[in-house]
Amino acid sequence: MKWDMNWTDLGNPFPRIQPLTYRPIEWPIEEVFFLPPPLEGNLLPPMRSVIDSRRTRREFGSLDHYLLSEWLWLVAREMVAGHSRLGFALTQRPAPSAGAIHPIHIVLSLPEMDGWQLYLPDKHALALLSQPNQTRDVVRNELLPVLDIQSGIVIRLIAEPGMTAAKYENADSLVWRDAGILTGQMALVAEAFACNFCPLGITGNEWCASLKLEDCLAGVGLAVLGSR
């Protein structure tokens with residue numbers, strides 16, 4: 001059988017001669033919940049063991065805030081921030097990102113509460129989004145045709161492409177690569193903590209329209225995280 005290739009060429013990205021100035025969006029957030037600090041002396045298994053045992057698993061028990069905090073700490077916390085001419089700080093985080101820009105936001109639906117929580121990597125905290133104020137049942141029903149989330153945490157990867165485009169021409173492929181790298185980091189850290197993790201094939205881009213920020217944001221993936 002011959003496959004009729006229909007590949008979208010996003011072009012080769014390259015740094016702009018003159019970088020643009022971009023102002024990041026202001027998220028509609030309400031109260032901020034600071035996550036507990038990482039536990040000292042929490043020994044993780046060797047990297048080789050984590051890689052050999054990693055599997056996509058689709059049973060999701062509830063995860064306490066201490067383990068969620070540890071997971072986010074090793075996935076996406078801001079470690080170092082530096083000045084740039086782009087209108088926002090460049091940062092160092094556990095996963096690499098083109099140009100140290102990190103344009104992808106992590107938004108969570110927790111099993112014990114309604115609404116969506118935005119992860120704040122500079123504060124290691126969660127902030128409740130004032131919109132869209134979706135109930136947990138709405139989130140579960142939306143994803144049920146794809147996967148039963150059970151008591152898992154739903155993770156949305158929401159990109160802000162204008163950040164990467166401020167530095168690079170033809171930046172779209174860099175944003176997608178950032179999404180893939182971040183998803184891989186999530187999967188390995190989940191395995192290190194003996195948690196179940198499953199990326200979903202849908203992008204979740206339509207969710208951005210509910211924030212009325214669809215011209216600034218793009219969905220680049222969903223996943224579910226839970227205990228075993």
# chains A, B, ... in the order shown; residues from 1 in each chain; ligands from 1
$ residues_around --residues "Leu39 of chain A" --least-positions-apart "4" --cutoff "10 Å" --atoms "only C-alpha atoms" --output "short mmCIF file (atom, residue, chain, number, x, y, z; two decimals) with N, CA and C atoms, in the first residue's frame"
data_model
loop_
_atom_site.label_atom_id
_atom_site.label_comp_id
_atom_site.auth_asym_id
_atom_site.auth_seq_id
_atom_site.Cartn_x
_atom_site.Cartn_y
_atom_site.Cartn_z
N LEU A 43 15.05 10.13 47.28
CA LEU A 43 15.92 9.47 46.31
C LEU A 43 15.09 8.90 45.17
N TYR A 66 1.77 16.86 47.44
CA TYR A 66 3.21 16.74 47.63
C TYR A 66 3.86 16.09 46.42
N LEU A 67 3.23 15.02 45.90
CA LEU A 67 3.80 14.34 44.74
C LEU A 67 3.63 15.19 43.49
N SER A 69 3.66 18.40 43.45
CA SER A 69 4.68 19.44 43.60
C SER A 69 6.05 18.93 43.15
N GLU A 70 6.40 17.73 43.58
CA GLU A 70 7.68 17.14 43.18
C GLU A 70 7.75 16.97 41.67
#
$ closest_atom_pairs --of "segment 10-125 of chain A" --to "segment 138-162 of chain A" --cutoff "7 Å" --atoms "only C-alpha atoms" --output "CSV"
residue,atom,partner,partner_atom,distance
A:Tyr22,CA,A:Gly162,CA,6.9
A:Phe60,CA,A:Gly152,CA,4.7
A:Gly61,CA,A:Ser151,CA,5.0
A:Ser62,CA,A:Ser151,CA,5.0
A:Pro103,CA,A:Glu160,CA,5.2
A:Ile104,CA,A:Ala159,CA,4.2
A:His105,CA,A:Ile158,CA,5.0
A:Ile106,CA,A:Leu157,CA,5.2
A:Val107,CA,A:Arg156,CA,5.0
A:Leu108,CA,A:Ile155,CA,4.8
A:Ser109,CA,A:Val154,CA,5.0
A:Leu110,CA,A:Ile153,CA,5.1
A:Pro111,CA,A:Ser151,CA,5.6
$ select_by_dssp --residues "segment 50-219 of chain A" --states "alpha helix (DSSP H)" --output "MDAnalysis selection string"
chainID A and resid 50:53 65:76 136:143 161:165 172:192
$ closest_residue --among "A:Ile17, A:Leu35, A:Met5, A:Leu74" --to "Val189 of chain A" --atoms "only C-alpha atoms"
A:Leu74
$ atom_distance --atom1 "atom CA of His102 of chain A" --atom2 "atom CA of Ser130 of chain A"
23.4 Å
$ closest_residue --among "A:Lys212, A:His83, A:Arg77, A:Lys167" --to "Leu182 of chain A" --atoms "only C-alpha atoms"
A:Arg77
$ atom_distance --atom1 "atom CA of Asp137 of chain A" --atom2 "atom CA of Gly115 of chain A"
10.3 Å
$ closest_residue --among "A:Ala166, A:Ala209, A:Met113, A:Leu72" --to "Phe88 of chain A" --atoms "only C-alpha atoms"
A:Ala166
$ closest_residue --among "A:Leu44, A:Asn205, A:Ile25, A:Thr164" --to "Asp178 of chain A" --atoms "only C-alpha atoms"
A:Thr164
